[in-house]
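File shown here: upload.tsv, holding TSV, C-alpha atoms and all ligand atoms.
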chain	number	residue	atom	x	y	z
H	87	MET	CA	-19.32	-6.09	-12.19
H	88	ARG	CA	-16.80	-4.49	-14.47
H	89	ASN	CA	-19.30	-1.98	-15.87
H	90	PHE	CA	-20.51	-1.20	-12.40
H	91	LEU	CA	-17.00	-0.53	-11.16
H	92	SER	CA	-16.12	1.42	-14.29
H	93	SER	CA	-18.93	3.85	-13.65
H	94	ILE	CA	-17.87	4.14	-10.01
H	95	PHE	CA	-14.32	4.72	-11.19
H	96	LEU	CA	-15.41	7.62	-13.42
H	97	LEU	CA	-17.10	9.23	-10.44
H	98	LEU	CA	-14.05	8.99	-8.24
H	99	GLY	CA	-12.36	12.16	-9.41
H	100	LEU	CA	-15.43	14.09	-8.29
H	101	SER	CA	-16.41	12.20	-5.16
H	102	LEU	CA	-12.92	11.96	-3.75
H	103	SER	CA	-12.27	15.68	-3.68
H	104	THR	CA	-15.57	16.16	-1.85
H	105	LEU	CA	-14.98	13.32	0.57
H	106	ALA	CA	-11.43	14.35	1.29
H	107	TYR	CA	-12.73	17.39	3.09
H	108	ALA	CA	-15.95	15.86	4.38
H	109	ASN	CA	-14.50	15.21	7.79
H	110	GLN	CA	-12.49	18.02	9.25
H	111	GLN	CA	-11.87	16.18	12.54
H	112	LEU	CA	-8.10	15.99	12.35
H	113	PRO	CA	-6.44	13.42	14.59
H	114	THR	CA	-3.50	15.58	15.65
H	115	ASP	CA	-1.98	18.93	14.89
H	116	GLU	CA	-0.89	19.38	11.30
H	117	PRO	CA	2.53	17.94	10.48
H	118	VAL	CA	5.31	20.46	9.96
H	119	GLY	CA	5.75	20.51	6.17
H	120	GLY	CA	4.48	17.93	3.73
H	121	GLU	CA	0.97	16.67	3.10
H	122	PRO	CA	-1.58	17.67	5.75
H	123	PHE	CA	-3.27	15.02	7.88
H	124	GLY	CA	-6.95	14.36	7.31
H	125	HIS	CA	-8.99	11.35	6.38
H	126	SER	CA	-11.63	10.30	3.91
H	127	VAL	CA	-13.69	7.29	2.95
H	128	THR	CA	-14.55	6.34	-0.62
H	129	MET	CA	-17.30	3.80	-1.24
H	130	LEU	CA	-16.57	1.69	-4.30
H	131	GLY	CA	-19.75	-0.38	-4.13
H	132	ASN	CA	-20.40	-4.04	-3.19
H	133	GLY	CA	-19.45	-3.25	0.42
H	134	ILE	CA	-15.91	-2.25	-0.53
H	135	TYR	CA	-14.51	0.96	0.96
H	136	VAL	CA	-11.17	2.76	0.71
H	137	PHE	CA	-10.15	4.55	3.92
H	138	ARG	CA	-7.41	7.19	3.72
H	139	TRP	CA	-5.58	8.76	6.65
H	140	TRP	CA	-2.87	11.27	5.67
H	141	VAL	CA	-1.03	9.50	2.82
H	142	TYR	CA	-1.93	5.99	4.04
H	143	ARG	CA	-4.77	3.91	2.69
H	144	ASN	CA	-6.47	0.64	3.44
H	145	ILE	CA	-9.61	-1.14	2.36
H	146	PHE	CA	-12.44	-2.48	4.44
H	147	ILE	CA	-15.14	-4.87	3.28
H	148	VAL	CA	-18.59	-4.93	4.83
H	149	THR	CA	-20.31	-8.32	4.60
H	150	ASP	CA	-23.53	-9.79	6.04
H	151	ASP	CA	-21.50	-11.54	8.75
H	152	GLY	CA	-19.11	-8.77	9.76
H	153	VAL	CA	-16.30	-6.58	8.47
H	154	ILE	CA	-12.84	-7.35	7.11
H	155	VAL	CA	-10.36	-4.56	7.83
H	156	THR	CA	-6.87	-4.33	6.35
H	157	ASP	CA	-3.82	-2.44	7.68
H	158	PRO	CA	-5.04	-0.54	10.79
H	159	MET	CA	-2.16	1.98	10.43
H	160	ASN	CA	-1.82	3.49	13.94
H	161	PRO	CA	-4.03	4.05	17.00
H	162	LYS	CA	-5.24	7.52	15.90
H	163	ALA	CA	-6.11	6.46	12.36
H	164	ALA	CA	-7.71	3.22	13.62
H	165	LYS	CA	-10.04	5.16	15.90
H	166	LEU	CA	-11.21	7.25	12.95
H	167	LEU	CA	-11.49	4.10	10.84
H	168	GLN	CA	-13.64	2.39	13.47
H	169	ALA	CA	-15.95	5.43	13.62
H	170	GLU	CA	-16.27	5.42	9.80
H	171	ILE	CA	-17.12	1.69	9.82
H	172	ARG	CA	-19.80	2.33	12.48
H	173	LYS	CA	-21.41	4.87	10.12
H	174	VAL	CA	-22.08	2.19	7.49
H	175	THR	CA	-22.69	-0.98	9.54
H	176	ASP	CA	-23.26	-2.20	13.09
H	177	LYS	CA	-21.63	-5.55	12.28
H	178	PRO	CA	-18.41	-6.29	14.20
H	179	VAL	CA	-14.94	-6.34	12.68
H	180	LYS	CA	-14.18	-10.06	12.35
H	181	TYR	CA	-10.77	-9.96	10.68
H	182	VAL	CA	-7.84	-7.55	10.50
H	183	VAL	CA	-5.42	-8.41	7.69
H	184	TYR	CA	-1.82	-7.16	7.74
H	185	SER	CA	-0.18	-6.35	4.39
H	186	HIS	CA	3.34	-6.70	5.85
H	187	ASN	CA	5.36	-6.22	9.03
H	188	HIS	CA	6.12	-2.49	8.94
H	189	HIS	CA	4.85	-0.66	11.99
H	190	ASP	CA	3.65	2.43	10.12
H	191	HIS	CA	0.93	0.35	8.40
H	192	ILE	CA	-0.22	-2.08	11.08
H	193	SER	CA	0.02	-0.51	14.54
H	194	GLY	CA	-3.62	0.40	15.21
H	195	GLY	CA	-5.26	-2.99	15.74
H	196	VAL	CA	-5.89	-3.00	19.50
H	197	ILE	CA	-9.39	-1.49	19.25
H	198	PHE	CA	-10.41	-4.18	16.78
H	199	LYS	CA	-8.91	-6.89	18.99
H	200	GLN	CA	-11.16	-5.53	21.75
H	201	GLU	CA	-14.21	-6.13	19.54
H	202	GLY	CA	-13.08	-9.71	18.95
H	203	ALA	CA	-11.33	-9.55	15.58
H	204	LYS	CA	-8.90	-12.24	14.50
H	205	PHE	CA	-5.63	-11.03	12.99
H	206	VAL	CA	-4.21	-12.46	9.76
H	207	GLY	CA	-0.75	-12.07	8.21
H	208	HIS	CA	2.07	-13.87	6.46
H	209	GLU	CA	4.09	-16.14	8.77
H	210	ASN	CA	7.08	-13.79	8.48
H	211	VAL	CA	5.00	-10.96	9.99
H	212	LEU	CA	4.84	-13.04	13.17
H	213	LYS	CA	8.60	-13.58	13.08
H	214	GLU	CA	9.39	-9.90	12.41
H	215	LEU	CA	7.03	-8.67	15.14
H	216	GLY	CA	8.70	-11.17	17.47
H	217	ASP	CA	12.09	-9.64	16.66
H	218	HIS	CA	10.80	-6.04	16.71
H	219	PRO	CA	7.77	-6.02	19.01
H	220	SER	CA	5.34	-3.14	19.30
H	221	PRO	CA	2.95	-2.74	22.24
H	222	VAL	CA	0.22	-1.39	19.94
H	223	THR	CA	0.42	-4.17	17.33
H	224	PRO	CA	-1.48	-7.41	18.06
H	225	LEU	CA	0.28	-10.49	16.67
H	226	PRO	CA	-1.41	-12.44	13.85
H	227	ASP	CA	-3.70	-15.26	15.05
H	228	ILE	CA	-3.80	-16.82	11.59
H	229	THR	CA	-0.67	-17.05	9.45
H	230	PHE	CA	0.02	-18.47	6.01
H	231	LYS	CA	2.99	-19.39	3.84
H	232	ASP	CA	2.13	-18.87	0.15
H	233	ARG	CA	-1.57	-18.17	-0.12
H	234	HIS	CA	-4.60	-17.80	2.09
H	235	THR	CA	-8.27	-17.48	1.21
H	236	LEU	CA	-10.28	-15.48	3.71
H	237	LYS	CA	-14.04	-15.96	3.49
H	238	LEU	CA	-16.69	-14.02	5.37
H	239	GLY	CA	-20.39	-13.54	4.65
H	240	GLY	CA	-20.07	-14.94	1.14
H	241	ARG	CA	-17.17	-12.63	0.27
H	242	THR	CA	-13.65	-13.72	-0.58
H	243	LEU	CA	-10.33	-11.97	0.00
H	244	GLU	CA	-7.27	-13.81	-1.33
H	245	LEU	CA	-3.87	-13.14	0.26
H	246	GLU	CA	-0.87	-13.83	-1.96
H	247	TYR	CA	2.81	-13.92	-1.04
H	248	TYR	CA	5.32	-13.25	-3.86
H	249	GLY	CA	8.52	-13.80	-1.89
H	250	PRO	CA	10.84	-11.04	-0.69
H	251	ASN	CA	10.35	-7.64	-2.35
H	252	HIS	CA	9.63	-5.05	0.35
H	253	GLY	CA	10.66	-6.88	3.49
H	254	ASN	CA	9.83	-10.56	3.32
H	255	SER	CA	6.24	-10.77	4.52
H	256	LEU	CA	4.21	-8.80	2.00
H	257	ALA	CA	0.73	-10.02	1.08
H	258	VAL	CA	-0.97	-8.73	-2.04
H	259	MET	CA	-4.74	-8.79	-1.39
H	260	ARG	CA	-7.14	-9.76	-4.13
H	261	LEU	CA	-10.90	-9.36	-4.47
H	262	PRO	CA	-11.30	-12.00	-7.19
H	263	LYS	CA	-14.91	-11.26	-8.14
H	264	GLU	CA	-14.30	-7.54	-8.60
H	265	LYS	CA	-10.77	-8.13	-10.02
H	266	ILE	CA	-9.32	-5.57	-7.61
H	267	LEU	CA	-5.87	-5.83	-5.98
H	268	PHE	CA	-4.95	-3.96	-2.79
H	269	ILE	CA	-1.18	-3.51	-2.99
H	270	VAL	CA	0.85	-1.80	-0.27
H	271	ASP	CA	4.21	-0.08	-0.78
H	272	ILE	CA	5.35	-1.98	-3.90
H	273	VAL	CA	2.93	-0.06	-6.16
H	274	THR	CA	2.37	3.66	-5.62
H	275	PRO	CA	0.98	5.11	-8.85
H	276	ARG	CA	2.65	8.11	-10.50
H	277	ARG	CA	5.22	8.60	-7.73
H	278	VAL	CA	8.94	7.74	-7.75
H	279	ALA	CA	10.07	5.13	-5.20
H	280	PHE	CA	9.95	6.11	-1.54
H	281	ARG	CA	13.05	8.06	-0.49
H	282	MET	CA	16.05	5.68	0.03
H	283	MET	CA	13.77	2.69	-0.70
H	284	PRO	CA	13.94	1.35	2.89
H	285	ASP	CA	13.69	-2.46	3.08
H	286	PHE	CA	13.14	-2.68	-0.69
H	287	TRP	CA	15.08	-5.30	-2.65
H	288	PRO	CA	15.13	-3.74	-6.15
H	289	ASP	CA	15.62	-6.92	-8.21
H	290	GLU	CA	13.09	-8.95	-6.20
H	291	TRP	CA	10.67	-6.02	-6.36
H	292	ILE	CA	10.78	-6.08	-10.19
H	293	ARG	CA	10.38	-9.88	-10.24
H	294	SER	CA	7.35	-9.69	-7.93
H	295	LEU	CA	5.68	-7.01	-10.05
H	296	LYS	CA	6.15	-9.14	-13.18
H	297	GLU	CA	4.49	-12.06	-11.43
H	298	ILE	CA	1.60	-9.85	-10.29
H	299	GLU	CA	1.23	-8.41	-13.81
H	300	ALA	CA	0.72	-11.94	-15.15
H	301	THR	CA	-2.37	-12.48	-12.96
H	302	ASP	CA	-5.99	-11.59	-13.73
H	303	PHE	CA	-7.03	-8.18	-12.37
H	304	ASP	CA	-8.50	-4.91	-13.67
H	305	TYR	CA	-7.99	-2.44	-10.79
H	306	VAL	CA	-5.43	-1.53	-8.14
H	307	ILE	CA	-5.88	0.20	-4.80
H	308	SER	CA	-2.49	1.28	-3.48
H	309	GLY	CA	-1.51	1.59	0.19
H	310	HIS	CA	-0.29	5.16	-0.27
H	311	GLY	CA	-1.71	8.26	-1.89
H	312	PRO	CA	-2.63	11.79	-0.79
H	313	HIS	CA	-6.21	13.10	-1.15
H	314	THR	CA	-5.33	14.46	-4.59
H	315	GLN	CA	-4.97	10.92	-5.99
H	316	PRO	CA	-7.85	8.67	-7.03
H	317	ALA	CA	-8.80	5.94	-4.56
H	318	ILE	CA	-8.59	3.28	-7.26
H	319	ASP	CA	-6.51	2.96	-10.42
H	320	THR	CA	-6.53	0.73	-13.47
H	321	ALA	CA	-4.27	-2.33	-13.70
H	322	ASN	CA	-1.58	-0.64	-15.83
H	323	VAL	CA	-0.12	1.10	-12.75
H	324	VAL	CA	1.65	-2.16	-11.81
H	325	MET	CA	3.45	-2.23	-15.16
H	326	GLU	CA	4.26	1.50	-14.89
H	327	GLN	CA	5.82	0.96	-11.45
H	328	ARG	CA	7.91	-1.95	-12.80
H	329	VAL	CA	9.09	0.03	-15.85
H	330	TYR	CA	10.08	2.96	-13.61
H	331	LEU	CA	12.29	0.65	-11.55
H	332	GLU	CA	13.82	-0.88	-14.67
H	333	ASP	CA	14.51	2.58	-16.12
H	334	LEU	CA	16.03	3.74	-12.81
H	335	MET	CA	18.30	0.68	-12.55
H	336	ALA	CA	19.36	0.91	-16.21
H	337	ALA	CA	20.20	4.62	-15.93
H	338	VAL	CA	22.31	4.15	-12.79
H	339	LYS	CA	24.04	1.07	-14.24
H	340	LYS	CA	24.86	2.92	-17.46
H	341	ALA	CA	26.41	5.82	-15.56
H	342	MET	CA	28.40	3.44	-13.34
H	343	ASP	CA	29.58	1.43	-16.38
H	344	SER	CA	30.85	4.67	-17.91
H	345	GLY	CA	33.09	5.14	-14.86
H	346	MET	CA	30.94	7.19	-12.49
H	347	HIS	CA	31.25	5.48	-9.11
H	348	SER	CA	30.64	8.33	-6.71
H	349	PRO	CA	27.08	8.22	-5.34
H	350	ASP	CA	27.20	12.01	-4.97
H	351	ALA	CA	28.04	12.44	-8.66
H	352	LEU	CA	25.37	9.93	-9.64
H	353	ARG	CA	22.75	11.75	-7.59
H	354	LYS	CA	23.56	14.97	-9.45
H	355	SER	CA	23.88	13.68	-13.00
H	356	VAL	CA	21.39	10.84	-13.49
H	357	LYS	CA	18.01	12.14	-14.68
H	358	LEU	CA	14.83	10.38	-15.73
H	359	PRO	CA	12.89	13.14	-17.56
H	360	LYS	CA	10.16	10.70	-18.58
H	361	TYR	CA	9.05	10.76	-14.91
H	362	LYS	CA	9.33	14.49	-14.27
H	363	ALA	CA	5.59	14.79	-13.67
H	364	TRP	CA	5.56	12.00	-11.07
H	365	ARG	CA	5.19	13.00	-7.45
H	366	SER	CA	8.38	13.59	-5.45
H	367	TYR	CA	10.57	13.42	-8.58
H	368	ASP	CA	12.83	16.32	-7.59
H	369	GLU	CA	13.09	15.41	-3.89
H	370	TRP	CA	13.34	11.63	-3.98
H	371	LEU	CA	14.92	10.68	-7.34
H	372	PRO	CA	18.46	11.40	-6.00
H	373	MET	CA	17.73	9.10	-3.03
H	374	ASN	CA	16.38	6.39	-5.36
H	375	ILE	CA	19.62	6.72	-7.37
H	376	GLU	CA	21.79	6.28	-4.28
H	377	ARG	CA	19.84	3.17	-3.29
H	378	ILE	CA	20.46	1.63	-6.74
H	379	TRP	CA	24.13	2.63	-6.54
H	380	ALA	CA	24.32	0.64	-3.26
H	381	PHE	CA	22.64	-2.32	-4.98
H	382	TYR	CA	25.27	-2.44	-7.74
H	383	HIS	CA	28.19	-1.35	-5.57
H	384	MET	CA	27.54	-3.62	-2.61
H	385	GLY	CA	25.31	-6.32	-4.07
H	386	TRP	CA	22.58	-5.45	-1.63
V	1	ZN	ZN	6.49	-0.94	4.30
Please lay out the structure from this file as structure tokens.
Ligand SMILES: [Zn+2]
Amino acid sequence: MRNFLSSIFLLLGLSLSTLAYANQQLPTDEPVGGEPFGHSVTMLGNGIYVFRWWVYRNIFIVTDDGVIVTDPMNPKAAKLLQAEIRKVTDKPVKYVVYSHNHHDHISGGVIFKQEGAKFVGHENVLKELGDHPSPVTPLPDITFKDRHTLKLGGRTLELEYYGPNHGNSLAVMRLPKEKILFIVDIVTPRRVAFRMMPDFWPDEWIRSLKEIEATDFDYVISGHGPHTQPAIDTANVVMEQRVYLEDLMAAVKKAMDSGMHSPDALRKSVKLPKYKAWRSYDEWLPMNIERIWAFYHMGW
């Protein structure tokens, strides 16, 4: 399996750039500024596919007994996703798995509900969607506390909860046979943390990544990445994400310990040149710094 996936992995640089433009059917007008919309599908083999819409990604798994879909994103992306699934199988979508409660990742499920899918998510997803309902987000039918093993057509998808980190409902998804993890929001390779790190708990985030690093996996598919990024990465991206956060926290702490307590001054003076080549370094590093200032200043 590993050799098979390794050869697939080598091909990805080539195939992705082709696939990224394979479908020019854009769901809406282009956004003003930023990465253009567009979608692509990358086949990894063994019935495993990575679907990308804009900078969002999910995986879907085609089995003999139906399809497992993860994170249906939003109604427009889900419609494109459903059409892409229909190109490779006529089997129905049996399960839709939510990575966490945030609406931007999980709001497109209605069309899969209509074809009879059952929805799966951590028990806190149910609670959060109860507190912040969305008319386009079906509630989970199946919930779990720590771990859940989803089986369909001889395939296994493990769902693992590592406690609070980004919100308090995040499931890391594992394909144990292929040693692939699908990780949403808490690992985004070669990019600094998202803006002001909304709903991220920095210390719990680092703890969770350490726990994930200690498990047995070879590959990571992340829930975000533009068409310029590979659909799948090697396991070291989890460690790199964790070290970035540790470096960020240490740099802000050091500056604060030396007497700099103004978030505006911190935003201007703290630099992390080691990460200069990472995406969004110039735009988002100052926001990351302010978030860490709040963590040390307010204990939050
Ligand atoms: Zn999120």
Using all atoms listed in the file, determine which residues lie at most 12 Å from Ala351 of chain H, disregarding the query and same-chain residues fewer than 6 positions distant; provide the list as a PyMOL selection string. chain H and resi 338+341-342+345+357+372+375-376+379
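Between atom CA of His310 of chain H and atom CA of Asp227 of chain H there is a distance of 25.8 Å.
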Can you list every residue of segment 290-340 of chain H that has an atom at most 10 Å from segment 255-279 of chain H, with its nearest atom pair and the distance in Å to one decimal, using only C-alpha atoms, ordered by chain then number, as a tab-separated table?
residue	atom	partner	partner_atom	distance
H:Trp291	CA	H:Ile272	CA	7.1
H:Ile292	CA	H:Ile272	CA	9.3
H:Ser294	CA	H:Ile272	CA	8.9
H:Leu295	CA	H:Ile272	CA	8.0
H:Ile298	CA	H:Val258	CA	8.7
H:Thr301	CA	H:Lys265	CA	9.9
H:Asp302	CA	H:Lys265	CA	7.0
H:Phe303	CA	H:Lys265	CA	4.4
H:Asp304	CA	H:Lys265	CA	5.4
H:Tyr305	CA	H:Ile266	CA	4.7
H:Val306	CA	H:Leu267	CA	4.8
H:Ile307	CA	H:Phe268	CA	4.7
H:Ser308	CA	H:Ile269	CA	5.0
H:Gly309	CA	H:Val270	CA	4.2
H:His310	CA	H:Thr274	CA	6.2
H:Gly311	CA	H:Thr274	CA	7.2
H:Gln315	CA	H:Pro275	CA	8.8
H:Pro316	CA	H:Pro275	CA	9.7
H:Ile318	CA	H:Ile266	CA	8.9
H:Asp319	CA	H:Pro275	CA	7.9
H:Thr320	CA	H:Ile266	CA	9.0
H:Ala321	CA	H:Ile266	CA	8.5
H:Asn322	CA	H:Pro275	CA	9.4
H:Val323	CA	H:Pro275	CA	5.7
H:Val324	CA	H:Val273	CA	6.2
H:Met325	CA	H:Val273	CA	9.3
H:Glu326	CA	H:Pro275	CA	7.8
H:Gln327	CA	H:Val273	CA	6.1
H:Arg328	CA	H:Val273	CA	8.5
H:Tyr330	CA	H:Val278	CA	7.6
H:Leu331	CA	H:Ala279	CA	8.1
H:Leu334	CA	H:Val278	CA	9.6
Neighbouring residues of ligand ZN 1 (chain V) are defined here as those with any atom at most 9 Å from a ligand atom, counting only C-alpha atoms and all ligand atoms; list them as number ranges by chain. H: 185-191, 252-253, 256, 270-272, 284-286
Quick check, in Å to one decimal: how far apart do atom CA of Ala163 of chain H and atom CA of Trp139 of chain H lie? 6.2 Å
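For the residues H:Lys354, H:Glu332, H:Asp343, H:Arg365, ranking by smallest atom-to-atom distance to His383 of chain H using all atoms listed in the file places H:Asp343 first.
Coordinates place atom CA of Pro122 of chain H at a distance of 8.7 Å from atom CA of Val141 of chain H.
Shortest atom-to-atom contact with Ser355 of chain H among H:Glu244, H:Lys340, H:Gly124, H:Asp232: H:Lys340, counting only C-alpha atoms.
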Between H:Arg293, H:His313, H:Lys362, H:Lys339, which residue has the minimum interatomic distance to Trp140 of chain H, considering only C-alpha atoms?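 Closest to Trp140 of chain H of all the choices is H:His313.
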Which residue is closest to Ala164 of chain H? Choose from H:Asn210, H:Gly385, H:Lys180, H:Ser193 and count all atoms listed in the file. H:Ser193
H:Asp289, H:Glu170, H:Glu209, H:Asp176 ranked by distance to Gly152 of chain H, top pick (using only C-alpha atoms):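 Ranking H:Asp289, H:Glu170, H:Glu209, H:Asp176 by distance to Gly152 of chain H, first place goes to H:Asp176.
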Residue nearest Asp150 of chain H - candidates H:Gln168, H:Thr175, H:Ser348, H:Thr229, atoms counted: only C-alpha atoms: H:Thr175
Output requested as a compact mmCIF listing (two decimals), in the coordinates of the input - segment 221-235 of chain H, filled out with N, CA and C atoms.
# COMPACT_ATOMS: atom_id res chain seq x y z
N PRO H 221 4.04 -2.54 21.28
CA PRO H 221 2.95 -2.74 22.24
C PRO H 221 1.57 -2.45 21.66
N VAL H 222 1.52 -1.74 20.52
CA VAL H 222 0.22 -1.39 19.94
C VAL H 222 -0.10 -2.24 18.70
N THR H 223 0.63 -3.34 18.52
CA THR H 223 0.42 -4.17 17.33
C THR H 223 0.12 -5.62 17.74
N PRO H 224 -1.17 -6.01 17.75
CA PRO H 224 -1.48 -7.41 18.06
C PRO H 224 -0.82 -8.36 17.05
N LEU H 225 -0.35 -9.50 17.56
CA LEU H 225 0.28 -10.49 16.67
C LEU H 225 -0.79 -11.20 15.84
N PRO H 226 -0.43 -11.67 14.64
CA PRO H 226 -1.41 -12.44 13.85
C PRO H 226 -1.85 -13.70 14.58
N ASP H 227 -3.16 -14.00 14.53
CA ASP H 227 -3.70 -15.26 15.05
C ASP H 227 -3.66 -16.33 13.98
N ILE H 228 -3.78 -15.89 12.73
CA ILE H 228 -3.80 -16.82 11.59
C ILE H 228 -2.65 -16.42 10.67
N THR H 229 -1.76 -17.37 10.37
CA THR H 229 -0.67 -17.05 9.45
C THR H 229 -0.73 -18.00 8.25
N PHE H 230 -0.01 -17.64 7.22
CA PHE H 230 0.02 -18.47 6.01
C PHE H 230 1.40 -18.38 5.39
N LYS H 231 1.67 -19.31 4.47
CA LYS H 231 2.99 -19.39 3.84
C LYS H 231 2.97 -18.79 2.43
N ASP H 232 2.15 -19.34 1.54
CA ASP H 232 2.13 -18.87 0.15
C ASP H 232 0.84 -18.13 -0.19
N ARG H 233 -0.27 -18.69 0.26
CA ARG H 233 -1.57 -18.17 -0.12
C ARG H 233 -2.57 -18.42 0.99
N HIS H 234 -3.55 -17.55 1.11
CA HIS H 234 -4.60 -17.80 2.09
C HIS H 234 -5.90 -17.22 1.53
N THR H 235 -6.97 -17.98 1.65
CA THR H 235 -8.27 -17.48 1.21
C THR H 235 -9.11 -17.18 2.44
